[in-house]
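Following: one structure in structure tokens, then a few remarks.
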Amino acid sequence: MTIAEHLLPRWLVRLASARPETAVSLDAMNSHQVGLAVLAGRVDLGFVEGPEVGDGLADEVVAQDRLVVVVAPGHPWARRRRVDAAELAATRLVQREPTSGTRGALEAALAAYEPMAAPVLELSTTSAVSAAAAAGAGPAVLSRLAVEDDLDRGRLVEVATSGVDLTRLLRAVWVAGQRPSPPAQDLLRIATAALARPRR
């Protein structure tokens, strides 16, 4: 969802400029569903956010992302300097569904502290998770890209963490042993070129 909402629109604009005759359809789904769609031949190219790609898929890194802990301004953590990994793992969070890339990346980062506490809420979209966190349901861990506007407007507060690396790699996936279609190859080049360019 992070890629679909925050990175792919820019990449698709560049693709449309390079290939104006190509029609593109974007279907946003979680990382597990993306892998299934690619393997079934329903899509030429997929993008996933989890720490692993499924069997039968080839992959290439297209971006790096950072997950952040966010809370409502009135939450006790909003006044804390930081939260350590053990406390984060022991806290009931507002989370995405188990097959989402964001949830998978968080669980992998906190693997040393398993089992994690059960979610206080489990929601199927990033916007629902951020809205629930902003309403005071509990802390959430989401992509910095996804909550940037909420942080800028003061609806959410970022809480620093210690003892855990919340960076993650975002990947393009396609069927192993097959070349993506020419338009999909162009989109992959656009995405990886964006990764190579330094951020301003």
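We name chains A, B, ... following the order of the structure tokens; residues begin at 1 in each chain, and ligands are numbered from 1 as shown.
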Using DSSP assignments from the backbone, pull out every residue in stretch 38-81 of chain A that falls under helix (DSSP H, G or I) and give it to me as a PyMOL selection string. chain A and resi 38-39+76-79
Find the residues around stretch 169-182 of chain A up to 9 Å (only C-alpha atoms counted), leave out those fewer than 3 positions away in its own chain, and share them as a PDB file with N, CA and C atoms, in the first residue's frame.
ATOM      1  N   ILE A   3       3.848   1.684  -1.345  1.00  0.00           N
ATOM      2  CA  ILE A   3       4.351   1.886  -2.702  1.00  0.00           C
ATOM      3  C   ILE A   3       3.232   2.393  -3.604  1.00  0.00           C
ATOM      4  N   VAL A  34      -0.051  -9.582  -3.697  1.00  0.00           N
ATOM      5  CA  VAL A  34       0.735  -9.200  -4.879  1.00  0.00           C
ATOM      6  C   VAL A  34       1.477 -10.403  -5.432  1.00  0.00           C
ATOM      7  N   GLY A  35       2.155 -11.135  -4.536  1.00  0.00           N
ATOM      8  CA  GLY A  35       2.881 -12.318  -4.980  1.00  0.00           C
ATOM      9  C   GLY A  35       1.985 -13.322  -5.676  1.00  0.00           C
ATOM     10  N   VAL A  38       1.039 -12.034  -9.205  1.00  0.00           N
ATOM     11  CA  VAL A  38       2.141 -12.166 -10.160  1.00  0.00           C
ATOM     12  C   VAL A  38       2.278 -13.618 -10.603  1.00  0.00           C
ATOM     13  N   LEU A  39       2.274 -14.552  -9.665  1.00  0.00           N
ATOM     14  CA  LEU A  39       2.429 -15.970  -9.996  1.00  0.00           C
ATOM     15  C   LEU A  39       1.279 -16.486 -10.850  1.00  0.00           C
ATOM     16  N   GLY A  41      -0.203 -14.772 -13.086  1.00  0.00           N
ATOM     17  CA  GLY A  41      -0.177 -14.109 -14.381  1.00  0.00           C
ATOM     18  C   GLY A  41      -1.196 -12.999 -14.526  1.00  0.00           C
ATOM     19  N   VAL A  43      -0.877  -9.996 -13.239  1.00  0.00           N
ATOM     20  CA  VAL A  43      -0.147  -8.735 -13.385  1.00  0.00           C
ATOM     21  C   VAL A  43       1.250  -9.031 -13.922  1.00  0.00           C
ATOM     22  N   ASP A  44       1.820  -8.072 -14.653  1.00  0.00           N
ATOM     23  CA  ASP A  44       3.158  -8.241 -15.218  1.00  0.00           C
ATOM     24  C   ASP A  44       4.249  -8.008 -14.179  1.00  0.00           C
ATOM     25  N   LEU A  45       3.976  -7.091 -13.264  1.00  0.00           N
ATOM     26  CA  LEU A  45       4.996  -6.682 -12.304  1.00  0.00           C
ATOM     27  C   LEU A  45       4.304  -6.297 -11.010  1.00  0.00           C
ATOM     28  N   GLY A  46       4.865  -6.721  -9.894  1.00  0.00           N
ATOM     29  CA  GLY A  46       4.306  -6.372  -8.598  1.00  0.00           C
ATOM     30  C   GLY A  46       5.335  -5.671  -7.743  1.00  0.00           C
ATOM     31  N   PHE A  47       4.871  -5.033  -6.682  1.00  0.00           N
ATOM     32  CA  PHE A  47       5.757  -4.364  -5.731  1.00  0.00           C
ATOM     33  C   PHE A  47       5.366  -4.795  -4.330  1.00  0.00           C
ATOM     34  N   VAL A  48       6.352  -5.211  -3.539  1.00  0.00           N
ATOM     35  CA  VAL A  48       6.087  -5.732  -2.195  1.00  0.00           C
ATOM     36  C   VAL A  48       6.933  -4.992  -1.171  1.00  0.00           C
ATOM     37  N   GLU A  49       6.442  -5.026   0.077  1.00  0.00           N
ATOM     38  CA  GLU A  49       7.076  -4.253   1.150  1.00  0.00           C
ATOM     39  C   GLU A  49       7.557  -5.124   2.305  1.00  0.00           C
ATOM     40  N   GLY A  50       7.297  -6.422   2.238  1.00  0.00           N
ATOM     41  CA  GLY A  50       7.697  -7.313   3.314  1.00  0.00           C
ATOM     42  C   GLY A  50       9.164  -7.687   3.240  1.00  0.00           C
ATOM     43  N   PRO A  51       9.671  -8.353   4.290  1.00  0.00           N
ATOM     44  CA  PRO A  51      11.094  -8.710   4.324  1.00  0.00           C
ATOM     45  C   PRO A  51      11.462  -9.852   3.394  1.00  0.00           C
ATOM     46  N   VAL A  53      10.264 -12.336  -0.249  1.00  0.00           N
ATOM     47  CA  VAL A  53       9.378 -12.534  -1.402  1.00  0.00           C
ATOM     48  C   VAL A  53       9.048 -14.013  -1.461  1.00  0.00           C
ATOM     49  N   ASP A  55       8.119 -17.892  -2.929  1.00  0.00           N
ATOM     50  CA  ASP A  55       8.760 -18.839  -3.839  1.00  0.00           C
ATOM     51  C   ASP A  55       8.260 -18.600  -5.259  1.00  0.00           C
ATOM     52  N   GLY A  56       9.177 -18.777  -6.212  1.00  0.00           N
ATOM     53  CA  GLY A  56       8.818 -18.632  -7.613  1.00  0.00           C
ATOM     54  C   GLY A  56       8.887 -17.214  -8.128  1.00  0.00           C
ATOM     55  N   LEU A  57       9.344 -16.280  -7.283  1.00  0.00           N
ATOM     56  CA  LEU A  57       9.417 -14.878  -7.685  1.00  0.00           C
ATOM     57  C   LEU A  57      10.865 -14.406  -7.749  1.00  0.00           C
ATOM     58  N   ALA A  58      11.177 -13.646  -8.779  1.00  0.00           N
ATOM     59  CA  ALA A  58      12.439 -12.907  -8.833  1.00  0.00           C
ATOM     60  C   ALA A  58      12.155 -11.509  -8.297  1.00  0.00           C
ATOM     61  N   ASP A  59      13.196 -10.845  -7.772  1.00  0.00           N
ATOM     62  CA  ASP A  59      12.948  -9.519  -7.202  1.00  0.00           C
ATOM     63  C   ASP A  59      14.136  -8.594  -7.409  1.00  0.00           C
ATOM     64  N   GLU A  60      13.849  -7.300  -7.306  1.00  0.00           N
ATOM     65  CA  GLU A  60      14.881  -6.266  -7.356  1.00  0.00           C
ATOM     66  C   GLU A  60      14.467  -5.126  -6.421  1.00  0.00           C
ATOM     67  N   VAL A  61      15.412  -4.644  -5.646  1.00  0.00           N
ATOM     68  CA  VAL A  61      15.145  -3.537  -4.732  1.00  0.00           C
ATOM     69  C   VAL A  61      14.903  -2.266  -5.535  1.00  0.00           C
ATOM     70  N   VAL A  62      13.812  -1.551  -5.199  1.00  0.00           N
ATOM     71  CA  VAL A  62      13.491  -0.307  -5.894  1.00  0.00           C
ATOM     72  C   VAL A  62      13.484   0.910  -4.963  1.00  0.00           C
ATOM     73  N   ALA A  63      13.435   0.683  -3.659  1.00  0.00           N
ATOM     74  CA  ALA A  63      13.417   1.809  -2.726  1.00  0.00           C
ATOM     75  C   ALA A  63      13.736   1.315  -1.324  1.00  0.00           C
ATOM     76  N   GLN A  64      14.139   2.255  -0.489  1.00  0.00           N
ATOM     77  CA  GLN A  64      14.305   1.977   0.938  1.00  0.00           C
ATOM     78  C   GLN A  64      13.318   2.843   1.697  1.00  0.00           C
ATOM     79  N   ASP A  65      12.749   2.277   2.730  1.00  0.00           N
ATOM     80  CA  ASP A  65      11.709   2.948   3.492  1.00  0.00           C
ATOM     81  C   ASP A  65      12.051   2.820   4.972  1.00  0.00           C
ATOM     82  N   ARG A  66      11.441   3.662   5.783  1.00  0.00           N
ATOM     83  CA  ARG A  66      11.648   3.582   7.228  1.00  0.00           C
ATOM     84  C   ARG A  66      10.294   3.572   7.913  1.00  0.00           C
ATOM     85  N   GLN A 185       9.279  -3.701 -17.853  1.00  0.00           N
ATOM     86  CA  GLN A 185      10.725  -3.478 -17.754  1.00  0.00           C
ATOM     87  C   GLN A 185      11.040  -1.984 -17.686  1.00  0.00           C
ATOM     88  N   ASP A 186      10.318  -1.186 -18.466  1.00  0.00           N
ATOM     89  CA  ASP A 186      10.519   0.265 -18.413  1.00  0.00           C
ATOM     90  C   ASP A 186      10.154   0.818 -17.041  1.00  0.00           C
ATOM     91  N   LEU A 187       9.037   0.334 -16.469  1.00  0.00           N
ATOM     92  CA  LEU A 187       8.633   0.787 -15.137  1.00  0.00           C
ATOM     93  C   LEU A 187       9.681   0.399 -14.102  1.00  0.00           C
ATOM     94  N   LEU A 188      10.231  -0.793 -14.228  1.00  0.00           N
ATOM     95  CA  LEU A 188      11.275  -1.234 -13.307  1.00  0.00           C
ATOM     96  C   LEU A 188      12.507  -0.336 -13.416  1.00  0.00           C
ATOM     97  N   ALA A 191      11.753   2.944 -11.663  1.00  0.00           N
ATOM     98  CA  ALA A 191      11.768   2.795 -10.211  1.00  0.00           C
ATOM     99  C   ALA A 191      13.187   2.687  -9.676  1.00  0.00           C
TER     100      ALA A 191
END
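Distance check against A:Met1 using only C-alpha atoms: of A:His32, A:Arg155, A:Arg189, A:Arg42, the minimum falls on A:His32.
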Determine, counting only C-alpha atoms, which protein, DNA and RNA residues have an atom within 8 Å of an atom of stretch 135-149 of chain A; residues of the same chain fewer than 4 positions away are not included. Present the result as a list in words.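 Residues meeting the cut-off are Thr2, His6, Asp65, Arg66, Leu67, Val68, Val69, Val70, Val71, Ala72, Gly74, His75, Arg92, Leu93, Val94, Gln95, Thr102, Leu106, Val120, Leu121, Thr126, Ser127, Val129, Ser130, Ala131, Arg153 and Leu156 of chain A.
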So that I have them on file, write out the residues from the current selection with C-alpha atoms, as a short mmCIF file (atom, residue, chain, number, x, y, z; two decimals), in the first residue's frame.
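Final output, saved to result33.cif:
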data_model
loop_
_atom_site.label_atom_id
_atom_site.label_comp_id
_atom_site.auth_asym_id
_atom_site.auth_seq_id
_atom_site.Cartn_x
_atom_site.Cartn_y
_atom_site.Cartn_z
CA THR A 2 2.89 2.40 0.76
CA HIS A 6 3.28 7.20 -2.32
CA ASP A 65 11.71 2.95 3.49
CA ARG A 66 11.65 3.58 7.23
CA LEU A 67 8.90 2.54 9.58
CA VAL A 68 8.12 4.89 12.46
CA VAL A 69 6.21 4.56 15.71
CA VAL A 70 3.36 7.08 15.85
CA VAL A 71 0.83 7.99 18.53
CA ALA A 72 -1.92 10.55 19.08
CA GLY A 74 -2.47 12.94 23.90
CA HIS A 75 -0.90 9.48 24.22
CA ARG A 92 -0.72 -3.82 21.91
CA LEU A 93 -0.46 -1.86 18.67
CA VAL A 94 -2.89 -0.79 15.99
CA GLN A 95 -1.69 -2.97 13.13
CA THR A 102 4.37 -3.43 6.89
CA LEU A 106 7.79 -5.01 11.90
CA VAL A 120 -5.37 -3.82 19.90
CA LEU A 121 -6.92 -3.34 16.44
CA THR A 126 -2.70 2.09 6.14
CA SER A 127 -5.07 5.06 6.28
CA VAL A 129 -4.38 2.36 10.95
CA SER A 130 -3.17 5.97 11.01
CA ALA A 131 -6.69 7.29 11.63
CA ARG A 153 -0.30 18.69 10.75
CA LEU A 156 0.24 12.18 15.00
#
Check stretch 17-192 of chain A with DSSP on the backbone and list each residue it calls strand (DSSP E), as a VMD selection string. chain A and resid 46 to 48 57 to 71 82 to 84 94 to 96 121 to 123 140 to 143 157 to 162 167 to 175
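Here the question is which of A:Trp11, A:Tyr113, A:Asp84, A:Glu5 gets nearest to A:Ala194 using only C-alpha atoms, and that residue is A:Trp11.
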